[in-house]
2 protein chains.
Amino acid sequence: MSKSPGFMARALAEARLGVERGDGGPFGALIVQGNRIISCNHNEVLVRRDPTAHAEILAIRAAALVLGRPHLTDCVLYTTCEPCPMCLGAAAWARIPRLFYGCTRNDAEKIGFSDRRIYALVRDEPDSIPLERISLDRRSCLRLFTEWRLRKDSVLY
Amino acid sequence: MSKSPGFMARALAEARLGVERGDGGPFGALIVQGNRIISCNHNEVLVRRDPTAHAEILAIRAAALVLGRPHLTDCVLYTTCEPCPMCLGAAAWARIPRLFYGCTRNDAEKIGFSDRRIYALVRDEPDSIPLERISLDRRSCLRLFTEWRLRKDSVLY
């Protein structure tokens, strides 16, 4: 769980590799368990044509696959930029207790990325990415929630 | 782009299928382009052992793959529950302009899911999922941002 500048240097080298290949933006991430690197990924949004292929998402998915479980409670995330809300949410769902980040959401905005405006969306603040959210059929969706809660085999995560 | 209760019913049927299979939580999502369903997925966190395998993430990834581009500006998302910050962020990165949702983040909390507490994390509010965020090596990470900005072949998304 210890802080190590070596891990961030490794994430940065991975980010640089992605830029040289043209795979996506200048971002890299590692998942570390103790002193062992479990996964190491760079942004692949362009090469995969996948808007969710951020370095952190790929590293979290890869680590969960390696460890065989969706929870990474004993792991730490190193990322060359403050995670956007998508990636911060992924880290939270994975129950990662601690992350180290290099650049900030404002640094990302200065080179043209939307991180800060997506934070504004999730925070219901002005100047956010526009995304209209409309409630529909809540009652019928709630019925399935109740059925799920009453099942004996339901598993929380 | 029109609202259609039929699409939400389809998302709900997909969610129910996932519950019956034990693949994950009671959540389903569709990506719709015009009146055509491009992708249709349910939560697979347990079966894939992947904390990012929410219905919305899977549907966005699948639709981007089908359409061959990371941006879904001409698509609408239907989801049986208000997207968590991870999924809302994914929809924003995909430039989806509108989404319809069934249950709310508070409904999800009542059956044991962390959506509301992850919103609190992204919003820096109390009672959030705990996740320590520590700044490290910003200066060296910023150098790669500058290099990326100065390249002639850099592509924004």
# chains A, B, ... in the order shown; residues from 1 in each chain; ligands from 1
>>> closest_atom_pairs(of="chain B", to="chain A", cutoff="6 Å", atoms="only C-alpha atoms", output="CSV")
residue,atom,partner,partner_atom,distance
B:Arg49,CA,A:Pro70,CA,4.7
B:Asp50,CA,A:Pro70,CA,4.9
B:Pro51,CA,A:Pro70,CA,4.8
B:Thr52,CA,A:Ala90,CA,5.8
B:Arg61,CA,A:Asp50,CA,5.7
B:Ala64,CA,A:Asp50,CA,5.9
B:Arg69,CA,A:Arg49,CA,5.0
B:Pro70,CA,A:Arg49,CA,4.7
B:Thr80,CA,A:Cys141,CA,5.9
B:Pro85,CA,A:Gly89,CA,5.7
B:Met86,CA,A:Met86,CA,3.6
B:Gly89,CA,A:Met86,CA,4.5
B:Ala90,CA,A:Thr52,CA,5.8
B:Trp93,CA,A:Pro51,CA,5.9
B:Ala94,CA,A:Pro51,CA,5.5
B:Pro97,CA,A:Leu131,CA,4.8
B:Arg98,CA,A:Glu132,CA,4.5
B:Leu99,CA,A:Arg133,CA,5.1
B:Phe100,CA,A:Ile134,CA,4.8
B:Tyr101,CA,A:Ser135,CA,5.1
B:Gly102,CA,A:Arg138,CA,4.1
B:Cys103,CA,A:Arg138,CA,5.0
B:Arg123,CA,A:Arg123,CA,5.5
B:Leu131,CA,A:Pro97,CA,4.8
B:Glu132,CA,A:Arg98,CA,4.5
B:Arg133,CA,A:Leu99,CA,5.1
B:Ile134,CA,A:Phe100,CA,4.8
B:Ser135,CA,A:Tyr101,CA,5.1
B:Leu136,CA,A:Gly102,CA,5.2
B:Asp137,CA,A:Gly102,CA,5.4
B:Arg138,CA,A:Gly102,CA,4.1
B:Cys141,CA,A:Gly102,CA,5.6
>>> write_last_selection(atoms="C-alpha atoms", output="PDB file, in the first residue's frame")
ATOM      1  CA  ARG B  49     -16.074 -10.713 -12.003  1.00  0.00           C
ATOM      2  CA  ASP B  50     -15.750  -7.188 -13.419  1.00  0.00           C
ATOM      3  CA  PRO B  51     -16.773  -4.198 -11.271  1.00  0.00           C
ATOM      4  CA  THR B  52     -17.247  -2.091 -14.431  1.00  0.00           C
ATOM      5  CA  ARG B  61     -19.250  -0.366 -25.444  1.00  0.00           C
ATOM      6  CA  ALA B  64     -19.668   1.893 -30.139  1.00  0.00           C
ATOM      7  CA  ARG B  69     -16.959   5.052 -33.412  1.00  0.00           C
ATOM      8  CA  PRO B  70     -16.579   6.191 -29.782  1.00  0.00           C
ATOM      9  CA  THR B  80     -33.864   0.641 -15.730  1.00  0.00           C
ATOM     10  CA  PRO B  85     -21.436   8.292 -11.790  1.00  0.00           C
ATOM     11  CA  MET B  86     -19.375   5.684 -13.662  1.00  0.00           C
ATOM     12  CA  GLY B  89     -19.583   9.595 -17.115  1.00  0.00           C
ATOM     13  CA  ALA B  90     -19.450   6.929 -19.820  1.00  0.00           C
ATOM     14  CA  TRP B  93     -17.789  10.647 -22.906  1.00  0.00           C
ATOM     15  CA  ALA B  94     -19.889   8.934 -25.594  1.00  0.00           C
ATOM     16  CA  PRO B  97     -27.459  13.685 -25.629  1.00  0.00           C
ATOM     17  CA  ARG B  98     -30.415  12.117 -23.750  1.00  0.00           C
ATOM     18  CA  LEU B  99     -31.182   9.234 -21.434  1.00  0.00           C
ATOM     19  CA  PHE B 100     -34.331   7.737 -19.900  1.00  0.00           C
ATOM     20  CA  TYR B 101     -34.107   6.024 -16.517  1.00  0.00           C
ATOM     21  CA  GLY B 102     -36.517   3.986 -14.346  1.00  0.00           C
ATOM     22  CA  CYS B 103     -35.558   3.709 -10.649  1.00  0.00           C
ATOM     23  CA  ARG B 123     -19.574  15.503  -5.276  1.00  0.00           C
ATOM     24  CA  LEU B 131     -11.463   6.532  -1.335  1.00  0.00           C
ATOM     25  CA  GLU B 132      -8.284   8.421  -0.493  1.00  0.00           C
ATOM     26  CA  ARG B 133      -6.966  10.534  -3.402  1.00  0.00           C
ATOM     27  CA  ILE B 134      -3.331  11.684  -3.243  1.00  0.00           C
ATOM     28  CA  SER B 135      -1.453  13.952  -5.677  1.00  0.00           C
ATOM     29  CA  LEU B 136       1.933  12.587  -6.833  1.00  0.00           C
ATOM     30  CA  ASP B 137       4.492  13.526  -9.514  1.00  0.00           C
ATOM     31  CA  ARG B 138       2.221  16.103 -11.188  1.00  0.00           C
ATOM     32  CA  CYS B 141       2.925  13.861 -15.803  1.00  0.00           C
TER      33      CYS B 141
END
>>> select_by_dssp(residues="stretch 16-93 of chain A", states="alpha helix (DSSP H)", output="ChimeraX atom specification")
/A:16-21,45-48,55-67,85-93
>>> atom_distance(atom1="atom CA of A:Glu109", atom2="atom CA of A:Pro126")
15.6 Å
>>> select_by_dssp(residues="stretch 3-152 of chain B", states="strand (DSSP E or B)", output="MDAnalysis selection string")
chainID B and resid 28:33 36:42 75:81 98:103 132:135
>>> atom_distance(atom1="atom CA of A:Glu44", atom2="atom CA of B:Arg116")
29.1 Å
>>> atom_distance(atom1="atom CA of A:Ile31", atom2="atom CA of A:Cys75")
6.5 Å
>>> residues_around(residues="A:Glu14", least_positions_apart="4", cutoff="8 Å", atoms="only C-alpha atoms", output="ChimeraX atom specification")
/A:10,18,27-29,40-42
